Structures are given as structure tokens and as C-alpha cells.
file upload20.csv (CSV, C-alpha atoms and all ligand atoms)
chain,number,residue,atom,x,y,z
G,5,MET,CA,1.4,-3.9,27.4
G,6,LEU,CA,3.0,-4.5,24.1
G,7,SER,CA,6.3,-2.7,25.0
G,8,SER,CA,6.6,-4.8,28.3
G,9,ARG,CA,6.0,-8.0,26.3
G,10,LEU,CA,8.6,-7.1,23.7
G,11,ALA,CA,11.1,-6.0,26.5
G,12,ALA,CA,10.5,-9.3,28.3
G,13,ARG,CA,11.1,-11.3,25.1
G,14,ILE,CA,14.4,-9.4,24.4
G,15,ALA,CA,15.5,-9.9,28.1
G,16,ARG,CA,14.9,-13.7,27.6
G,17,ASP,CA,16.1,-14.3,24.1
G,18,GLY,CA,18.4,-11.3,23.2
G,19,PRO,CA,17.9,-8.7,20.5
G,20,ILE,CA,15.4,-9.4,17.7
G,21,PRO,CA,15.7,-8.5,14.0
G,22,PHE,CA,14.0,-5.2,13.1
G,23,ASP,CA,11.4,-7.0,10.8
G,24,GLU,CA,10.2,-9.1,13.8
G,25,PHE,CA,9.9,-6.0,16.0
G,26,MET,CA,8.0,-4.2,13.2
G,27,ALA,CA,5.7,-7.2,12.7
G,28,VAL,CA,4.7,-7.2,16.4
G,29,CYS,CA,4.2,-3.4,16.5
G,30,LEU,CA,1.9,-3.5,13.5
G,31,TYR,CA,0.2,-6.9,13.6
G,32,ASP,CA,0.1,-8.2,17.2
G,33,GLU,CA,-3.5,-9.5,17.5
G,34,GLU,CA,-4.2,-7.7,20.8
G,35,GLU,CA,-2.2,-4.5,20.6
G,36,GLY,CA,-0.7,-4.2,17.1
G,37,TYR,CA,-1.3,-0.8,15.4
G,38,PHE,CA,-3.3,-2.2,12.5
G,39,ALA,CA,-4.6,-5.5,13.8
G,40,ALA,CA,-6.1,-4.2,17.0
G,41,GLY,CA,-6.8,-0.4,16.6
G,42,PRO,CA,-9.6,1.6,15.1
G,43,LEU,CA,-9.9,2.4,11.3
G,44,ARG,CA,-6.7,4.1,10.4
G,45,SER,CA,-7.0,5.5,6.9
G,46,VAL,CA,-9.8,7.9,7.5
G,47,ALA,CA,-10.0,11.7,8.2
G,48,ALA,CA,-10.1,11.1,12.0
G,49,GLY,CA,-7.2,8.6,11.7
G,50,ASP,CA,-3.5,9.0,11.1
G,51,PHE,CA,-3.2,9.4,7.3
G,52,LEU,CA,-5.3,10.0,4.2
G,53,THR,CA,-5.0,7.8,1.2
G,54,SER,CA,-6.0,8.4,-2.5
G,55,PRO,CA,-9.3,6.6,-2.3
G,56,GLU,CA,-10.2,8.6,0.9
G,57,VAL,CA,-9.2,11.9,-0.8
G,58,SER,CA,-11.4,11.3,-4.0
G,59,SER,CA,-13.8,8.7,-5.2
G,60,TRP,CA,-12.3,9.2,-8.7
G,61,PHE,CA,-9.5,6.9,-7.6
G,62,GLY,CA,-11.8,4.0,-7.2
G,63,THR,CA,-13.8,4.9,-10.3
G,64,MET,CA,-10.6,4.9,-12.4
G,65,MET,CA,-9.5,1.5,-10.8
G,66,GLY,CA,-13.0,0.3,-11.8
G,67,ARG,CA,-12.4,1.3,-15.4
G,68,PHE,CA,-9.0,-0.4,-15.3
G,69,ALA,CA,-10.7,-3.6,-13.9
G,70,LEU,CA,-13.4,-3.4,-16.6
G,71,GLU,CA,-10.9,-3.3,-19.4
G,72,LEU,CA,-8.9,-6.2,-17.9
G,73,ARG,CA,-12.2,-8.2,-17.5
G,74,ARG,CA,-13.1,-7.6,-21.2
G,75,GLY,CA,-9.8,-9.0,-22.3
G,76,SER,CA,-9.8,-11.9,-19.8
G,77,GLY,CA,-11.4,-14.6,-22.0
G,78,HIS,CA,-13.9,-15.6,-19.3
G,79,PRO,CA,-15.4,-12.3,-18.0
G,80,ASP,CA,-18.0,-14.2,-16.0
G,81,ARG,CA,-15.2,-15.7,-13.8
G,82,PHE,CA,-13.3,-12.5,-13.3
G,83,ARG,CA,-12.7,-11.5,-9.6
G,84,VAL,CA,-11.5,-8.3,-8.0
G,85,VAL,CA,-9.6,-8.6,-4.8
G,86,GLU,CA,-8.4,-5.6,-2.8
G,87,VAL,CA,-5.8,-6.3,-0.1
G,88,ALA,CA,-5.6,-3.8,2.7
G,89,ALA,CA,-9.0,-2.4,1.7
G,90,GLY,CA,-9.3,-0.1,4.7
G,91,SER,CA,-12.8,1.5,4.9
G,92,GLY,CA,-13.9,0.3,1.5
G,93,SER,CA,-13.4,3.7,-0.1
G,94,LEU,CA,-11.8,2.3,-3.2
G,95,LEU,CA,-14.1,-0.7,-3.7
G,96,ARG,CA,-17.3,1.4,-3.3
G,97,PRO,CA,-16.9,3.5,-6.5
G,98,LEU,CA,-15.0,0.6,-8.3
G,99,ARG,CA,-18.0,-1.7,-7.9
G,100,ARG,CA,-20.3,0.8,-9.7
G,101,GLU,CA,-18.1,0.5,-12.8
G,102,LEU,CA,-18.4,-3.3,-13.0
G,103,PRO,CA,-21.3,-5.5,-14.1
G,104,GLU,CA,-23.7,-6.6,-11.3
G,105,GLY,CA,-22.6,-9.9,-9.8
G,106,THR,CA,-18.9,-9.4,-10.3
G,107,GLU,CA,-17.1,-11.2,-7.5
G,108,ILE,CA,-15.4,-8.6,-5.3
G,109,ASP,CA,-13.4,-9.6,-2.2
G,110,ALA,CA,-11.5,-7.6,0.4
G,111,ILE,CA,-8.6,-8.7,2.6
G,112,GLU,CA,-7.9,-6.8,5.8
G,113,VAL,CA,-5.9,-7.5,9.0
G,114,SER,CA,-7.8,-4.8,10.9
G,115,ALA,CA,-11.0,-6.0,12.7
G,116,ALA,CA,-12.4,-2.5,12.5
G,117,ALA,CA,-11.8,-2.3,8.8
G,118,ARG,CA,-13.3,-5.8,8.3
G,119,ALA,CA,-16.5,-4.7,10.0
G,120,ALA,CA,-16.8,-1.7,7.7
G,121,LEU,CA,-16.1,-3.9,4.7
G,122,ARG,CA,-18.8,-6.5,5.6
G,123,ASP,CA,-21.5,-3.9,5.4
G,124,LEU,CA,-20.3,-3.1,1.8
G,125,LEU,CA,-19.5,-6.6,0.5
G,126,GLY,CA,-21.2,-9.2,2.7
G,127,ASP,CA,-19.5,-11.6,5.2
G,128,GLU,CA,-18.4,-14.1,2.7
G,129,HIS,CA,-16.3,-11.6,0.7
G,130,VAL,CA,-14.3,-10.2,3.6
G,131,HIS,CA,-11.2,-12.1,4.7
G,132,ALA,CA,-8.4,-11.6,7.3
G,133,ARG,CA,-5.8,-13.3,5.0
G,134,MET,CA,-5.4,-14.3,1.3
G,135,ASP,CA,-5.4,-18.0,2.3
G,136,THR,CA,-9.2,-18.2,2.3
G,137,LEU,CA,-9.5,-17.1,-1.3
G,138,PRO,CA,-9.6,-19.8,-4.1
G,139,SER,CA,-6.0,-21.0,-4.6
G,140,ARG,CA,-6.3,-19.9,-8.3
G,141,PHE,CA,-8.5,-17.3,-10.0
G,142,ASP,CA,-8.5,-14.9,-12.9
G,143,GLY,CA,-8.9,-11.2,-12.2
G,144,LEU,CA,-7.3,-8.2,-10.6
G,145,VAL,CA,-5.5,-7.9,-7.2
G,146,ILE,CA,-5.1,-4.3,-5.9
G,147,ALA,CA,-2.9,-3.1,-3.1
G,148,ASN,CA,-2.9,0.6,-2.4
G,149,GLU,CA,-0.5,1.6,0.4
G,150,LEU,CA,-0.1,-1.9,1.8
G,151,LEU,CA,3.5,-2.8,0.9
G,152,ASP,CA,5.0,0.2,2.7
G,153,ASN,CA,3.8,-1.4,5.9
G,154,LEU,CA,5.1,-4.9,5.4
G,155,PRO,CA,8.0,-5.6,7.9
G,156,VAL,CA,11.5,-4.7,6.7
G,157,ALA,CA,14.9,-5.8,8.0
G,158,VAL,CA,17.4,-2.9,8.4
G,159,ALA,CA,20.8,-3.2,6.8
G,160,VAL,CA,23.7,-0.9,6.9
G,161,ARG,CA,26.6,-0.8,4.4
G,162,ALA,CA,29.8,-1.1,6.5
G,163,ALA,CA,33.3,-0.8,5.0
G,164,SER,CA,33.6,-4.6,5.2
G,165,GLY,CA,30.2,-5.5,3.8
G,166,TRP,CA,26.6,-5.6,5.1
G,167,GLU,CA,25.5,-5.5,8.7
G,168,GLU,CA,22.1,-5.5,10.2
G,169,ARG,CA,20.5,-3.5,12.9
G,170,TRP,CA,18.4,-5.5,15.4
G,171,VAL,CA,16.4,-4.2,18.4
G,172,GLY,CA,17.7,-4.5,21.9
G,173,HIS,CA,16.3,-3.2,25.2
G,174,ASP,CA,17.8,-1.8,28.4
G,175,ALA,CA,16.9,0.7,31.1
G,176,GLY,CA,16.9,3.5,28.5
G,177,GLY,CA,14.3,1.7,26.4
G,178,PHE,CA,14.5,0.1,22.9
G,179,HIS,CA,17.6,0.8,20.8
G,180,LEU,CA,19.3,-0.6,17.7
G,181,VAL,CA,22.2,-2.9,18.0
G,182,ALA,CA,24.7,-4.0,15.3
G,183,ALA,CA,24.2,-7.7,14.3
G,184,PRO,CA,25.8,-9.8,11.5
G,185,CYS,CA,23.8,-9.8,8.3
G,186,ARG,CA,21.5,-12.9,7.8
G,187,PRO,CA,22.3,-14.5,4.4
G,188,GLU,CA,18.9,-13.8,2.9
G,189,VAL,CA,19.2,-10.1,3.9
G,190,ALA,CA,22.7,-9.8,2.4
G,191,ARG,CA,21.5,-11.5,-0.8
G,192,TRP,CA,18.6,-9.0,-1.1
G,193,CYS,CA,21.0,-6.1,-0.6
G,194,ASP,CA,23.5,-7.4,-3.2
G,195,ARG,CA,20.7,-7.9,-5.7
G,196,HIS,CA,18.5,-4.8,-5.2
G,197,ALA,CA,20.1,-2.1,-3.0
G,198,GLY,CA,22.2,-0.5,-5.8
G,199,ALA,CA,25.1,1.9,-5.1
G,200,VAL,CA,24.8,2.5,-1.3
G,201,PRO,CA,27.5,4.7,0.3
G,202,VAL,CA,29.3,3.4,3.4
G,203,ASP,CA,27.0,3.9,6.5
G,204,GLY,CA,24.0,4.1,4.1
G,205,ILE,CA,20.8,2.5,5.5
G,206,VAL,CA,18.7,0.1,3.4
G,207,GLU,CA,15.3,-1.2,4.3
G,208,VAL,CA,15.3,-4.8,3.1
G,209,GLN,CA,11.9,-5.7,1.7
G,210,LEU,CA,11.7,-9.4,1.7
G,211,ALA,CA,8.1,-9.6,3.0
G,212,ALA,CA,6.9,-7.2,0.2
G,213,GLY,CA,8.5,-9.6,-2.3
G,214,GLU,CA,6.9,-12.6,-0.7
G,215,TRP,CA,3.5,-10.9,-0.7
G,216,LEU,CA,3.8,-10.1,-4.5
G,217,ARG,CA,5.0,-13.7,-5.3
G,218,ALA,CA,2.0,-15.1,-3.4
G,219,ALA,CA,-0.5,-12.8,-5.1
G,220,LEU,CA,0.9,-13.6,-8.5
G,221,GLY,CA,0.9,-17.3,-7.6
G,222,ARG,CA,-2.9,-17.2,-7.2
G,223,LEU,CA,-3.5,-15.5,-10.5
G,224,GLY,CA,-4.2,-17.5,-13.6
G,225,ARG,CA,-4.9,-14.7,-15.9
G,226,GLY,CA,-5.0,-11.0,-14.8
G,227,ALA,CA,-3.0,-8.4,-13.0
G,228,VAL,CA,-1.7,-7.3,-9.7
G,229,VAL,CA,-1.6,-3.6,-9.2
G,230,VAL,CA,0.6,-2.1,-6.4
G,231,ILE,CA,0.3,1.6,-5.7
G,232,ASP,CA,2.6,3.2,-3.1
G,233,TYR,CA,5.2,5.7,-2.3
G,234,GLY,CA,8.8,4.8,-3.2
G,235,GLY,CA,10.9,4.3,-6.3
G,236,THR,CA,13.6,2.3,-7.9
G,237,ALA,CA,17.1,1.7,-6.3
G,238,ASP,CA,18.5,4.7,-8.4
G,239,GLU,CA,15.7,6.9,-7.1
G,240,LEU,CA,16.1,5.7,-3.5
G,241,VAL,CA,19.9,6.2,-3.3
G,242,GLY,CA,19.6,9.8,-2.3
G,243,ARG,CA,17.5,8.7,0.8
G,244,ARG,CA,20.0,6.1,2.0
G,245,ALA,CA,22.1,8.4,4.3
G,246,HIS,CA,19.2,8.3,6.9
G,247,GLY,CA,17.1,5.6,5.4
G,248,THR,CA,13.3,6.0,4.8
G,249,LEU,CA,12.0,4.3,8.0
G,250,ARG,CA,9.5,6.6,9.7
G,251,THR,CA,6.2,6.7,11.5
G,252,TYR,CA,2.9,8.6,11.0
G,253,ARG,CA,0.4,9.7,13.6
G,254,GLY,CA,-2.4,12.2,13.3
G,255,HIS,CA,-1.6,13.1,9.6
G,256,HIS,CA,2.0,14.1,10.6
G,257,LEU,CA,5.4,12.4,10.9
G,258,GLY,CA,5.4,10.6,14.2
G,259,PRO,CA,8.1,9.7,16.7
G,260,ASP,CA,11.1,7.3,16.3
G,261,PRO,CA,9.8,3.8,15.3
G,262,LEU,CA,11.3,2.3,18.5
G,263,LEU,CA,9.2,4.5,20.7
G,264,GLU,CA,5.7,3.4,21.8
G,265,PRO,CA,5.4,0.0,20.1
G,266,GLY,CA,1.9,-0.5,18.7
G,267,ALA,CA,1.0,3.3,18.8
G,268,ASN,CA,2.3,4.3,15.4
G,269,ASP,CA,2.1,3.5,11.7
G,270,ILE,CA,5.6,2.3,10.8
G,271,THR,CA,6.4,2.7,7.1
G,272,VAL,CA,9.1,2.8,4.5
G,273,ASP,CA,9.5,3.9,0.8
G,274,VAL,CA,8.7,0.8,-1.3
G,275,ASP,CA,11.6,-0.5,-3.5
G,276,PHE,CA,9.7,-0.9,-6.8
G,277,GLY,CA,12.9,-2.1,-8.6
G,278,ALA,CA,12.9,-5.1,-6.3
G,279,LEU,CA,9.2,-5.7,-6.9
G,280,VAL,CA,9.7,-5.6,-10.7
G,281,SER,CA,12.4,-8.3,-10.3
G,282,VAL,CA,10.1,-10.5,-8.2
G,283,ALA,CA,7.2,-10.1,-10.7
G,284,GLU,CA,9.3,-10.8,-13.7
G,285,ASP,CA,10.9,-13.9,-12.0
G,286,ALA,CA,7.3,-15.1,-11.5
G,287,GLY,CA,6.6,-14.8,-15.2
G,288,ALA,CA,4.7,-11.5,-15.2
G,289,VAL,CA,5.0,-8.7,-17.6
G,290,THR,CA,5.5,-5.4,-15.8
G,291,GLU,CA,4.8,-1.7,-16.3
G,292,LEU,CA,6.1,0.8,-13.7
G,293,THR,CA,4.7,4.4,-13.9
G,294,THR,CA,3.5,7.2,-11.7
G,295,GLN,CA,0.0,7.5,-10.2
G,296,ALA,CA,-0.5,10.7,-12.3
G,297,ALA,CA,0.4,9.0,-15.6
G,298,PHE,CA,-1.7,5.9,-14.7
G,299,LEU,CA,-4.8,7.9,-13.9
G,300,GLU,CA,-4.4,10.2,-16.9
G,301,ASP,CA,-4.1,7.1,-19.2
G,302,LEU,CA,-7.5,6.0,-17.8
G,303,GLY,CA,-9.0,9.4,-18.6
G,304,LEU,CA,-9.0,11.3,-15.3
G,305,ARG,CA,-7.9,14.6,-17.0
G,306,GLU,CA,-10.9,14.5,-19.3
G,307,GLU,CA,-13.2,13.8,-16.3
G,308,ILE,CA,-11.7,16.9,-14.6
G,309,GLU,CA,-12.2,19.0,-17.7
G,310,ARG,CA,-15.9,17.8,-17.9
G,311,LEU,CA,-16.4,18.8,-14.2
G,312,ARG,CA,-14.8,22.2,-14.9
G,313,ARG,CA,-17.3,22.8,-17.7
G,314,ARG,CA,-20.1,21.8,-15.4
G,315,GLU,CA,-18.8,24.2,-12.8
G,316,ARG,CA,-18.9,27.1,-15.3
G,317,GLU,CA,-22.5,26.2,-16.3
G,318,LEU,CA,-23.5,26.2,-12.7
G,319,ALA,CA,-21.8,29.5,-12.1
G,320,ALA,CA,-23.7,31.0,-15.1
G,321,SER,CA,-27.0,29.7,-13.8
G,322,GLY,CA,-26.3,31.1,-10.3
G,323,ASP,CA,-26.5,27.6,-8.6
G,324,THR,CA,-23.9,28.3,-5.8
G,325,MET,CA,-24.3,25.2,-3.7
G,326,ASP,CA,-23.9,22.8,-6.6
G,327,ARG,CA,-21.1,24.9,-8.1
G,328,LEU,CA,-19.2,24.6,-4.8
G,329,ARG,CA,-19.8,20.9,-4.6
G,330,VAL,CA,-18.4,20.4,-8.1
G,331,ARG,CA,-15.5,22.8,-7.3
G,332,ALA,CA,-14.6,20.6,-4.3
G,333,GLU,CA,-14.8,17.5,-6.5
G,334,VAL,CA,-12.4,19.0,-9.0
G,335,THR,CA,-9.9,20.0,-6.2
G,336,ASP,CA,-9.9,16.5,-4.7
G,337,ALA,CA,-9.5,14.8,-8.1
G,338,GLU,CA,-6.6,17.1,-8.9
G,339,THR,CA,-4.9,16.2,-5.6
G,340,LEU,CA,-4.6,12.6,-7.0
G,341,LEU,CA,-2.4,13.9,-9.8
G,342,HIS,CA,-0.3,16.4,-7.8
G,343,PRO,CA,3.3,15.9,-9.1
G,344,ARG,CA,4.9,16.5,-5.6
G,345,GLY,CA,2.2,14.5,-3.7
G,346,LEU,CA,-0.1,11.6,-4.6
G,347,GLY,CA,0.6,11.9,-8.3
G,348,ASP,CA,4.2,11.0,-7.7
G,349,PHE,CA,3.3,7.7,-6.0
G,350,ARG,CA,4.4,4.7,-8.1
G,351,VAL,CA,2.1,2.2,-9.8
G,352,LEU,CA,3.3,-1.3,-10.7
G,353,VAL,CA,1.1,-3.3,-13.0
G,354,ALA,CA,2.2,-7.0,-13.2
G,355,ARG,CA,0.2,-8.9,-15.8
G,356,LYS,CA,-0.1,-12.7,-16.1
G,357,GLY,CA,-1.5,-14.8,-18.9
R,401,LIG,C1,-2.5,2.9,4.6
R,401,LIG,S1,-3.9,2.0,4.9
R,401,LIG,C2,-4.5,1.8,3.3
R,401,LIG,C3,-6.0,1.5,3.3
R,401,LIG,C4,-6.6,1.5,1.9
R,401,LIG,N1,-5.9,0.7,0.9
R,401,LIG,C5,-6.6,2.9,1.4
R,401,LIG,O1,-5.9,3.2,0.4
R,401,LIG,O2,-7.4,3.7,2.0
R,401,LIG,C6,-3.2,0.5,5.3
R,401,LIG,C7,-4.2,-0.6,5.5
R,401,LIG,O3,-3.6,-1.8,5.3
R,401,LIG,C8,-4.1,-2.8,6.2
R,401,LIG,N2,-3.0,-3.8,6.3
R,401,LIG,C9,-1.8,-3.6,6.8
R,401,LIG,N3,-1.1,-4.7,6.6
R,401,LIG,C10,-1.9,-5.6,6.0
R,401,LIG,C11,-1.7,-7.0,5.6
R,401,LIG,N4,-0.6,-7.6,5.8
R,401,LIG,N5,-2.8,-7.6,5.0
R,401,LIG,C12,-4.0,-7.0,4.9
R,401,LIG,N6,-4.2,-5.7,5.3
R,401,LIG,C13,-3.2,-5.0,5.8
R,401,LIG,C14,-4.3,-1.9,7.5
R,401,LIG,O4,-5.2,-2.5,8.4
R,401,LIG,C15,-4.8,-0.6,6.8
R,401,LIG,O5,-6.2,-0.6,6.7
call {"tool": "encode", "arguments": {"input": "upload20.csv", "output": "C-alpha cells"}}
result
Amino acid sequence: MLSSRLAARIARDGPIPFDEFMAVCLYDEEEGYFAAGPLRSVAAGDFLTSPEVSSWFGTMMGRFALELRRGSGHPDRFRVVEVAAGSGSLLRPLRRELPEGTEIDAIEVSAAARAALRDLLGDEHVHARMDTLPSRFDGLVIANELLDNLPVAVAVRAASGWEERWVGHDAGGFHLVAAPCRPEVARWCDRHAGAVPVDGIVEVQLAAGEWLRAALGRLGRGAVVVIDYGGTADELVGRRAHGTLRTYRGHHLGPDPLLEPGANDITVDVDFGALVSVAEDAGAVTELTTQAAFLEDLGLREEIERLRRRERELAASGDTMDRLRVRAEVTDAETLLHPRGLGDFRVLVARKG
């Protein structure tokens, strides 16, 4: 079992950094929550994401891709890559907005998700890692609810400076132990964490930064779009007293991340300020906005108004089944814009070239 293997490793080598523990819990090939389990981002899974709530999310991303493709100089060479593509619920409507023959690839660590994506895109367009894509391409890279899962180190602001929390194990199970801060973790905190009170907890998102740097490194001309929950350091400061590390299971908050390794989605609020710095250091031009503003700019409000008019026409003609179908479509599309829910997710657009 994963927990016995982790406990044996800690008994042999001593406590491990939290990011290593999280990486094993989520990505262990045999028992990791994402790598080995069933499809997670579906109604029967543990959480529902924007593209699963409404196909308008993928349609709007398709329109964004189309605009980017038009301005790309070589539209025929334009490629769309979704990383963490889940069931394919974003790419399915996105593809309908793009000219036939546009190259579309999906990257997924989950074997169950890759099987679903192969049906949609064909074997050669579904990858387990970004390494199998061309080393350079023009286009759009999308990551919706990926970066909140990338492993984080846990740092605590002590009176004398930064400390880390590593994972130990004894008869009582897994627990956090204080450890000296690794230099790269302290550097990240000094640069990005902002005004953290003593005892405040910071999730150090080095892996998210590395992911963004690698994605931008492959792009000649185009954009990387990251959508997730989180905020800038100023917005996150109110959450530092307890930190934002948590788990999800069955559409609800789950148990402590140290319990039942491999059985839960471990996640944090994404530090978008740190991502903006990484993108700008890599030469990209950035825009940071909310999901509601991003989708409204692409015309989602107008689409919802059009659907409402259609609903009224169907009500007048007495077509109840179609009216209810359109009503449900309106409700789902509005959910994407909800100011205290999905509409408050952040969208980072990092453009190159
Ligand atoms: C919250 S779901 C989001 C799925 C999809 N983007 C959506 O919005 O419905 C997270 C997905 O990311 C995948 N994933 C997690 N870490 C990944 C990684 N490092 N590379 C590729 N996929 C990853 C998981 O397998 C899972 O399907």
C-alpha cells in the first residue's frame, strides 16, 4: 500500500519534504490519486470543473484560440495543447470553433483520462508528458485546474525567519515536523510570499513556476492560459493563518492531507503573483483577470442573453421540453460567471511573440 511504502521510506531515510510527499500521493504510478485512479473531474468523481459544468467554457476558449490563431502569422501551423485535459470536456466544444485539421493535443497523467481523450483526438495526439510534443511550436497552451495540484513545499514564518514543515511518521501515523528551510524555498518566500505574519503558513509553488517556464519555453508565438483558484500575495495574505492546503473528495472538503495517501485530491490556492513574475522573467506579456471578466470579454453574456430570448420564444410556443433544456443551459453558463464561485477563479494569459 502507498501509505506503507511511504512509512517505510521515512523509517529508512527520515522525514521527507512536503512536496515529495504530495508528489507521491498524487502521481505514484501504481497508487497515486491522479496517475492510477479513475477519471476524477466528472459528476461521479470528486470535483466538478468549469468545462464539466458547461460546454460554453470550451466554446469560449475555442473563440479565444481562433482569435490568437488569426493573429499568429502562420495559422496553418497553429497548435492547441491542453495540459490536464481530464475527460476532454474542454477540447470537445473548443474543436468545433477551429478550422478542420487544426492540431490539437492533450497531456494527461491519468491513464483513465488518456483513454477517454484517445477516443476524441486519436492516439498520436494524447500524451502522458509535455516532452513528447515538438520542442517548439506556435499556438495556445491551456491549463484549467492543473497548477493547484502541482506539489508544494510548506513554509512557516518563524520569528527568526523561514522554516519548513516536512512529513515524518510514527505509531500515530504521518505528521508534520519542523525542518530548516531549503535555500530555494526561502528564496521563493522572500520574493513572492508578501507580508506573512509570524506563524503564517505559505505553500511554496516552485513546481507551478517550473511548469509555466517549461510551457513558455516551448512556445514560439502564442499564449499560455492558466485558469485556477487563487490570487496574488496580497489577496492570499488573509488565508496564511491556516494556509490553503486542503483535500477534496466526493465534491466536498476531504480529510487532512496527511491521512490516506493516494485517496484524496490534494490542492492549494495558486499564487498568481508568483506566476506573473515567472512569465515576465521568461519574456511574456501578461494579463491577470477573473474568469467572469475573461469569459465576458469573449462574449458569454451576449450568448446567455440570446439563449434567454430563445427560452421566451419557446415558452410562447408552448414547447416545454426544449424550453427546459435551454433554461438548464442558461443556468449552467451563468454558473461559470458566478462572482463567489467559478467566476472568481483567476485567468493568467501569458503571451509570447
Ligand atoms: C481538477 S482536474 C481538471 C481536469 C480538466 N482540466 C477540467 O477542467 O475538467 C485535474 C486533472 O489534471 C490531471 N493532472 C494532474 N497533474 C497533472 C500533470 N502534472 N500533468 C498532466 N495532467 C495532470 C489529472 O489527472 C486531472 O485529470
call {"tool": "residues_near_ligand", "arguments": {"input": "upload20.csv", "ligand": "ligand LIG 401 (chain R)", "cutoff": "8 Å", "atoms": "all atoms listed in the file", "output": "VMD selection string"}}
result
chain G and resid 30 to 31 38 to 39 43 to 46 51 to 56 86 to 94 111 to 114 117 132 to 133 147 to 151 153 to 154
call {"tool": "residues_around", "arguments": {"input": "upload20.csv", "residues": "segment 169-172 of chain G", "least_positions_apart": "4", "cutoff": "6 Å", "atoms": "only C-alpha atoms", "output": "PyMOL selection string"}}
result
chain G and resi 19-22+158+178-183
call {"tool": "atom_distance", "arguments": {"input": "upload20.csv", "atom1": "atom CA of Ala297 of chain G", "atom2": "atom CA of Thr248 of chain G"}}
result
24.3 Å
call {"tool": "closest_residue", "arguments": {"input": "upload20.csv", "among": "G:Met5, G:Met64, G:Val289, G:Ala115", "to": "Gly41 of chain G", "atoms": "only C-alpha atoms"}}
result
G:Ala115
call {"tool": "residues_around", "arguments": {"input": "upload20.csv", "residues": "His78 of chain G", "least_positions_apart": "5", "cutoff": "10 Å", "atoms": "all atoms listed in the file", "output": "VMD selection string"}}
result
chain G and resid 73 142 to 143 225
call {"tool": "residues_around", "arguments": {"input": "upload20.csv", "residues": "Leu210 of chain G", "least_positions_apart": "5", "cutoff": "9 Å", "atoms": "all atoms listed in the file", "output": "list in words"}}
result
Leu154, Pro155, Val156, Ala157, Glu188, Val189, Trp192 and Trp215 of chain G
call {"tool": "atom_distance", "arguments": {"input": "upload20.csv", "atom1": "atom CA of Pro97 of chain G", "atom2": "atom CA of Leu124 of chain G"}}
result
11.1 Å
call {"tool": "atom_distance", "arguments": {"input": "upload20.csv", "atom1": "atom CA of Glu35 of chain G", "atom2": "atom CA of Val229 of chain G"}}
result
29.8 Å
call {"tool": "closest_residue", "arguments": {"input": "upload20.csv", "among": "G:Ala27, G:Cys185, G:Ile231, G:Ala162", "to": "Val200 of chain G", "atoms": "only C-alpha atoms"}}
result
G:Ala162
call {"tool": "residues_near_point", "arguments": {"input": "upload20.csv", "point": "(-0.2, -7.3, 22.7)", "cutoff": "9 Å", "atoms": "only C-alpha atoms", "output": "PyMOL selection string"}}
result
chain G and resi 5-7+9-10+28-29+32-36+40+266
call {"tool": "closest_residue", "arguments": {"input": "upload20.csv", "among": "G:Thr324, G:Thr339, G:Thr236, G:Thr136", "to": "Arg305 of chain G", "atoms": "all atoms listed in the file"}}
result
G:Thr339
call {"tool": "residues_around", "arguments": {"input": "upload20.csv", "residues": "Gly247 of chain G", "least_positions_apart": "4", "cutoff": "10 Å", "atoms": "only C-alpha atoms", "output": "ChimeraX atom specification"}}
result
/G:158-160,204-207,240-243,272-273
call {"tool": "closest_residue", "arguments": {"input": "upload20.csv", "among": "G:Gly226, G:His246, G:Arg100, G:Asp275", "to": "Val208 of chain G", "atoms": "all atoms listed in the file"}}
result
G:Asp275
call {"tool": "decode", "arguments": {"input": "upload20.csv", "residues": "segment 228-240 of chain G", "atoms": "N, CA, C and O atoms", "output": "tab-separated table (two decimals), in the first residue's frame"}}
result
chain	number	residue	atom	x	y	z
G	228	VAL	N	0.08	31.08	-23.23
G	228	VAL	CA	-0.27	30.07	-22.23
G	228	VAL	C	-1.40	30.67	-21.40
G	228	VAL	O	-1.28	31.82	-20.95
G	229	VAL	N	-2.49	29.94	-21.22
G	229	VAL	CA	-3.60	30.42	-20.39
G	229	VAL	C	-3.75	29.47	-19.20
G	229	VAL	O	-3.96	28.26	-19.39
G	230	VAL	N	-3.62	30.04	-18.00
G	230	VAL	CA	-3.76	29.26	-16.77
G	230	VAL	C	-5.02	29.72	-16.05
G	230	VAL	O	-5.18	30.92	-15.80
G	231	ILE	N	-5.91	28.80	-15.74
G	231	ILE	CA	-7.15	29.14	-15.03
G	231	ILE	C	-7.18	28.32	-13.75
G	231	ILE	O	-6.96	27.09	-13.80
G	232	ASP	N	-7.44	28.97	-12.63
G	232	ASP	CA	-7.44	28.22	-11.37
G	232	ASP	C	-7.97	29.08	-10.24
G	232	ASP	O	-8.16	30.28	-10.41
G	233	TYR	N	-8.18	28.45	-9.06
G	233	TYR	CA	-8.49	29.26	-7.89
G	233	TYR	C	-7.19	29.76	-7.29
G	233	TYR	O	-6.15	29.13	-7.43
G	234	GLY	N	-7.26	30.93	-6.62
G	234	GLY	CA	-6.07	31.52	-6.03
G	234	GLY	C	-6.12	33.02	-6.14
G	234	GLY	O	-7.20	33.61	-6.25
G	235	GLY	N	-4.95	33.65	-6.09
G	235	GLY	CA	-4.90	35.11	-6.15
G	235	GLY	C	-3.46	35.57	-6.07
G	235	GLY	O	-2.53	34.76	-6.17
G	236	THR	N	-3.28	36.87	-5.88
G	236	THR	CA	-1.93	37.42	-5.72
G	236	THR	C	-1.57	37.34	-4.24
G	236	THR	O	-2.43	37.06	-3.40
G	237	ALA	N	-0.30	37.64	-3.90
G	237	ALA	CA	0.14	37.55	-2.50
G	237	ALA	C	-0.75	38.42	-1.60
G	237	ALA	O	-1.12	38.00	-0.49
G	238	ASP	N	-1.12	39.61	-2.07
G	238	ASP	CA	-1.97	40.49	-1.27
G	238	ASP	C	-3.32	39.85	-0.99
G	238	ASP	O	-3.88	40.00	0.09
G	239	GLU	N	-3.84	39.15	-2.00
G	239	GLU	CA	-5.15	38.51	-1.81
G	239	GLU	C	-5.04	37.25	-0.94
G	239	GLU	O	-6.00	36.88	-0.26
G	240	LEU	N	-3.87	36.62	-0.96
G	240	LEU	CA	-3.72	35.37	-0.20
G	240	LEU	C	-3.36	35.60	1.26
G	240	LEU	O	-3.50	34.69	2.08
